[in-house]
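Trainee: Got start-v1.txt for you, compact mmCIF, C-alpha atoms:
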# COMPACT_ATOMS: atom_id res chain seq x y z
CA MET A 1 121.22 -26.27 153.65
CA ASN A 2 122.00 -27.68 157.11
CA THR A 3 125.36 -26.85 158.61
CA ALA A 4 126.98 -29.87 160.24
CA LEU A 5 128.20 -29.24 163.76
CA ASN A 6 131.13 -31.54 164.39
CA ASN A 7 134.78 -31.60 165.50
CA TRP A 8 133.86 -30.38 168.99
CA ILE A 9 136.50 -29.06 171.40
CA GLU A 10 135.61 -29.76 175.02
CA VAL A 11 136.41 -26.71 177.17
CA ASN A 12 134.91 -28.07 180.39
CA GLN A 13 131.80 -29.93 181.55
CA ASN A 14 129.65 -26.89 180.67
CA CYS A 15 131.09 -25.78 177.35
CA LYS A 16 132.18 -27.18 174.02
CA LEU A 17 133.15 -25.35 170.83
CA THR A 18 133.33 -25.85 167.12
CA PHE A 19 134.09 -23.57 164.18
CA ILE A 20 131.68 -22.91 161.32
CA ASN A 21 133.88 -22.12 158.32
CA GLU A 22 131.18 -20.82 156.00
CA ALA A 23 130.07 -18.29 158.64
CA ASN A 24 133.53 -17.51 160.09
CA ALA A 25 131.87 -18.12 163.44
CA LEU A 26 132.79 -19.81 166.68
CA TYR A 27 129.89 -21.97 167.89
CA GLU A 28 129.70 -22.13 171.69
CA LYS A 29 127.45 -24.80 173.21
CA TRP A 30 126.77 -24.20 176.92
CA ASN A 31 124.91 -26.52 179.28
CA GLY A 32 124.08 -26.76 182.96
CA PHE A 33 124.93 -24.24 185.65
CA ALA A 34 128.33 -22.74 184.92
CA HIS A 35 129.56 -20.21 187.45
CA GLY A 36 132.51 -18.73 189.29
CA GLU A 37 136.12 -19.59 188.54
CA SER A 38 135.37 -22.54 186.24
CA LEU A 39 133.08 -20.34 184.11
CA ARG A 40 135.70 -17.58 183.97
CA LYS A 41 138.37 -20.06 182.87
CA ALA A 42 136.02 -21.37 180.18
CA TRP A 43 135.38 -17.82 178.96
CA ALA A 44 139.13 -17.20 178.78
CA GLU A 45 139.74 -20.37 176.77
CA THR A 46 136.77 -19.65 174.52
CA PHE A 47 138.20 -16.21 173.73
CA GLU A 48 141.60 -17.70 172.89
CA ARG A 49 139.96 -20.25 170.57
CA TYR A 50 137.93 -17.46 168.94
CA LYS A 51 141.16 -15.61 168.15
CA SER A 52 143.01 -18.73 166.99
CA PHE A 53 140.24 -19.56 164.50
CA GLY A 54 140.24 -15.99 163.19
CA ALA A 55 136.49 -15.80 163.77
CA ASP A 56 134.56 -12.55 163.65
CA ARG A 57 131.15 -13.90 164.75
CA ILE A 58 129.74 -16.10 167.49
CA VAL A 59 126.81 -18.47 167.69
CA LEU A 60 126.04 -18.75 171.38
CA ASP A 61 123.93 -21.82 172.11
CA THR A 62 122.35 -21.45 175.56
CA SER A 63 119.50 -23.87 174.84
CA GLU A 64 120.62 -26.20 177.65
CA SER A 65 122.20 -23.71 180.04
CA LYS A 66 121.04 -22.47 183.41
CA PRO A 67 120.91 -18.78 184.44
CA LEU A 68 124.10 -16.79 184.97
CA THR A 69 124.76 -15.15 188.31
CA ILE A 70 124.76 -11.37 188.46
CA GLU A 71 128.41 -11.45 189.54
CA ASP A 72 129.46 -13.59 186.57
CA THR A 73 127.43 -11.48 184.15
CA ASN A 74 129.01 -8.26 185.38
CA TRP A 75 132.48 -9.81 185.31
CA TYR A 76 132.00 -10.99 181.71
CA PHE A 77 130.88 -7.61 180.39
CA LYS A 78 133.64 -5.81 182.29
CA LYS A 79 136.58 -8.16 181.65
CA VAL A 80 135.86 -10.40 178.64
CA HIS A 81 133.43 -8.69 176.29
CA PRO A 82 135.68 -5.66 175.62
CA LYS A 83 138.38 -8.04 174.35
CA TYR A 84 136.02 -9.29 171.64
CA HIS A 85 135.41 -5.71 170.49
CA LYS A 86 139.14 -5.11 170.21
CA VAL A 87 139.56 -8.05 167.84
CA GLY A 88 136.58 -7.17 165.61
CA LEU A 89 133.56 -9.19 166.73
CA LYS A 90 130.72 -8.36 164.30
CA GLY A 91 127.79 -10.19 165.83
CA VAL A 92 126.35 -12.79 168.16
CA ALA A 93 123.47 -15.13 167.32
CA ILE A 94 122.02 -16.43 170.57
CA ILE A 95 120.06 -19.66 170.71
CA GLU A 96 117.73 -19.23 173.64
CA SER A 97 117.16 -21.63 176.48
CA ALA A 98 113.81 -23.32 176.89
CA ASN A 99 114.07 -22.35 180.57
CA PRO A 100 112.34 -18.95 180.96
CA ILE A 101 114.63 -17.83 183.79
CA SER A 102 117.74 -18.69 181.75
CA ARG A 103 116.29 -16.92 178.73
CA LEU A 104 115.63 -13.79 180.78
CA SER A 105 119.11 -13.98 182.32
CA ILE A 106 120.79 -13.94 178.88
CA LYS A 107 118.53 -11.20 177.50
CA ASN A 108 119.19 -9.05 180.56
CA ALA A 109 122.91 -9.64 180.23
CA TYR A 110 123.02 -8.53 176.60
CA SER A 111 120.83 -5.52 177.37
CA LEU A 112 123.89 -4.17 179.20
CA ILE A 113 125.47 -3.48 175.82
CA LYS A 114 122.38 -2.38 173.89
CA ASP A 115 124.17 0.78 172.71
CA SER A 116 127.01 -1.26 171.21
CA PRO A 117 127.43 -1.44 167.41
CA LEU A 118 127.55 -5.21 167.83
CA LYS A 119 124.72 -7.02 166.05
CA ILE A 120 122.83 -9.39 168.34
CA ASP A 121 119.73 -11.45 167.70
CA PHE A 122 117.92 -14.32 169.44
CA PHE A 123 116.77 -17.61 167.91
CA SER A 124 115.01 -20.81 168.88
CA ASN A 125 117.31 -23.20 167.00
CA HIS A 126 120.80 -23.43 165.55
CA GLN A 127 119.66 -23.51 161.92
CA GLU A 128 118.03 -20.07 162.18
CA ALA A 129 120.97 -18.68 164.17
CA ILE A 130 123.56 -19.89 161.66
CA LYS A 131 121.53 -18.64 158.71
CA TRP A 132 121.36 -15.16 160.29
CA ILE A 133 125.00 -15.00 161.41
CA LYS A 134 126.13 -15.65 157.83
CA THR A 135 124.36 -12.45 156.72
CA ILE A 136 126.29 -10.00 158.89
If you took the structure in this file and wrote it as structure tokens, what would it be?
Mentor:
Amino acid sequence: MNTALNNWIEVNQNCKLTFINEANALYEKWNGFAHGESLRKAWAETFERYKSFGADRIVLDTSESKPLTIEDTNWYFKKVHPKYHKVGLKGVAIIESANPISRLSIKNAYSLIKDSPLKIDFFSNHQEAIKWIKTI
């Protein structure tokens, strides 16, 4: 069965969100080159929305995003990611970018937490990602 993705919340020009009830997951759709202060503000709002929905999983759609900077990646895993652990994040399904550099950027970023108990997997489309995230 296809999960409808609707009722989008616009965070900024690079990010919009929706909630998938049947998966208890926040769906994050990223596009373009997000960086610096605007990216960090979007991450902060995304985390607040995650908590307000009571989600415990994330579908991270990077299919249309550009690579992250090293500075932003390090900042995220130092400042933001630990907050998700504190509130019980179970897993992240990542929809990969068609851009090979972006794809490598995201994989390298998540390799920083490879020893984490967090379940992470990579997918080529949202149907596969949502199907998997429902199983954890």
Trainee: List as a CSV table (one decimal) with C-alpha atoms, in the frame of the given file the protein and nucleic acid residues near stretch 48-63 of chain A, meaning an atom at most 9 Å away when all atoms listed in the file are counted, but skip any in the same chain fewer than 3 places from it.
Mentor:
chain,number,residue,atom,x,y,z
A,17,LEU,CA,133.2,-25.4,170.8
A,19,PHE,CA,134.1,-23.6,164.2
A,20,ILE,CA,131.7,-22.9,161.3
A,21,ASN,CA,133.9,-22.1,158.3
A,23,ALA,CA,130.1,-18.3,158.6
A,24,ASN,CA,133.5,-17.5,160.1
A,25,ALA,CA,131.9,-18.1,163.4
A,26,LEU,CA,132.8,-19.8,166.7
A,27,TYR,CA,129.9,-22.0,167.9
A,28,GLU,CA,129.7,-22.1,171.7
A,29,LYS,CA,127.4,-24.8,173.2
A,30,TRP,CA,126.8,-24.2,176.9
A,31,ASN,CA,124.9,-26.5,179.3
A,43,TRP,CA,135.4,-17.8,179.0
A,44,ALA,CA,139.1,-17.2,178.8
A,45,GLU,CA,139.7,-20.4,176.8
A,66,LYS,CA,121.0,-22.5,183.4
A,84,TYR,CA,136.0,-9.3,171.6
A,87,VAL,CA,139.6,-8.0,167.8
A,88,GLY,CA,136.6,-7.2,165.6
A,89,LEU,CA,133.6,-9.2,166.7
A,90,LYS,CA,130.7,-8.4,164.3
A,91,GLY,CA,127.8,-10.2,165.8
A,92,VAL,CA,126.4,-12.8,168.2
A,93,ALA,CA,123.5,-15.1,167.3
A,94,ILE,CA,122.0,-16.4,170.6
A,95,ILE,CA,120.1,-19.7,170.7
A,96,GLU,CA,117.7,-19.2,173.6
A,97,SER,CA,117.2,-21.6,176.5
A,98,ALA,CA,113.8,-23.3,176.9
A,99,ASN,CA,114.1,-22.4,180.6
A,102,SER,CA,117.7,-18.7,181.8
A,103,ARG,CA,116.3,-16.9,178.7
A,106,ILE,CA,120.8,-13.9,178.9
A,124,SER,CA,115.0,-20.8,168.9
A,125,ASN,CA,117.3,-23.2,167.0
A,126,HIS,CA,120.8,-23.4,165.6
A,129,ALA,CA,121.0,-18.7,164.2
A,130,ILE,CA,123.6,-19.9,161.7
A,133,ILE,CA,125.0,-15.0,161.4
A,134,LYS,CA,126.1,-15.6,157.8
A,136,ILE,CA,126.3,-10.0,158.9
Trainee: In terms of the shortest atom-to-atom distance over all atoms listed in the file, which of A:Ala34, A:Asp115, A:Glu128, A:His85 is closest to A:Thr69?
Mentor: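 Using all atoms listed in the file, the shortest distance to A:Thr69 belongs to A:Ala34.
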Trainee: Quote the spacing between atom CA of A:Asn6 and atom CA of A:Asp72 in Å to one decimal place.
Mentor: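 Atom CA of A:Asn6 sits 28.6 Å away from atom CA of A:Asp72.
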Trainee: For atom CA of A:Trp75 and atom CA of A:Ile113, quote the distance in Å rounded to one decimal.
Mentor: 13.4 Å
Trainee: Select, from A:Lys107, A:Gly36, A:Phe77, A:Thr46, the residue with the minimum atom-to-atom distance to A:Cys15, counting all atoms listed in the file.
Mentor: A:Thr46
Trainee: In the coordinates of the file, take the point (119.3, -27.8, 179.6) and a cut-off of 6 Å; then, counting only C-alpha atoms, name each qualifying protein, DNA or RNA residue as a list in words.
Mentor: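 Final list of nearby residues, as requested, is Asn31, Gly32, Glu64 and Ser65 of chain A.
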Trainee: Write out the residues from the selection above, keeping C-alpha atoms, as an mmCIF file, keeping the file's coordinate frame.
Mentor:
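Dumped everything to result.cif:
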data_model
loop_
_atom_site.group_PDB
_atom_site.id
_atom_site.type_symbol
_atom_site.label_atom_id
_atom_site.label_comp_id
_atom_site.auth_asym_id
_atom_site.auth_seq_id
_atom_site.Cartn_x
_atom_site.Cartn_y
_atom_site.Cartn_z
ATOM 1 C CA ASN A 31 124.910 -26.520 179.280
ATOM 2 C CA GLY A 32 124.080 -26.760 182.960
ATOM 3 C CA GLU A 64 120.620 -26.200 177.650
ATOM 4 C CA SER A 65 122.200 -23.710 180.040
#
Trainee: Please, what distance in Å, to one decimal, runs between atom CA of A:Val80 and atom CA of A:Phe47?
Mentor: 8.0 Å
Trainee: Between A:Gln13, A:Asn7, A:Thr73, A:Leu118, which one has atoms that come closest to A:Lys86, using all atoms listed in the file?
Mentor: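 With all atoms listed in the file as the atom set, the closest residue is A:Leu118.
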Trainee: Hey, which of A:Arg40, A:Lys16, A:Lys119, A:Lys131 ends up closest to A:Lys79? Count only C-alpha atoms.
Mentor: A:Arg40
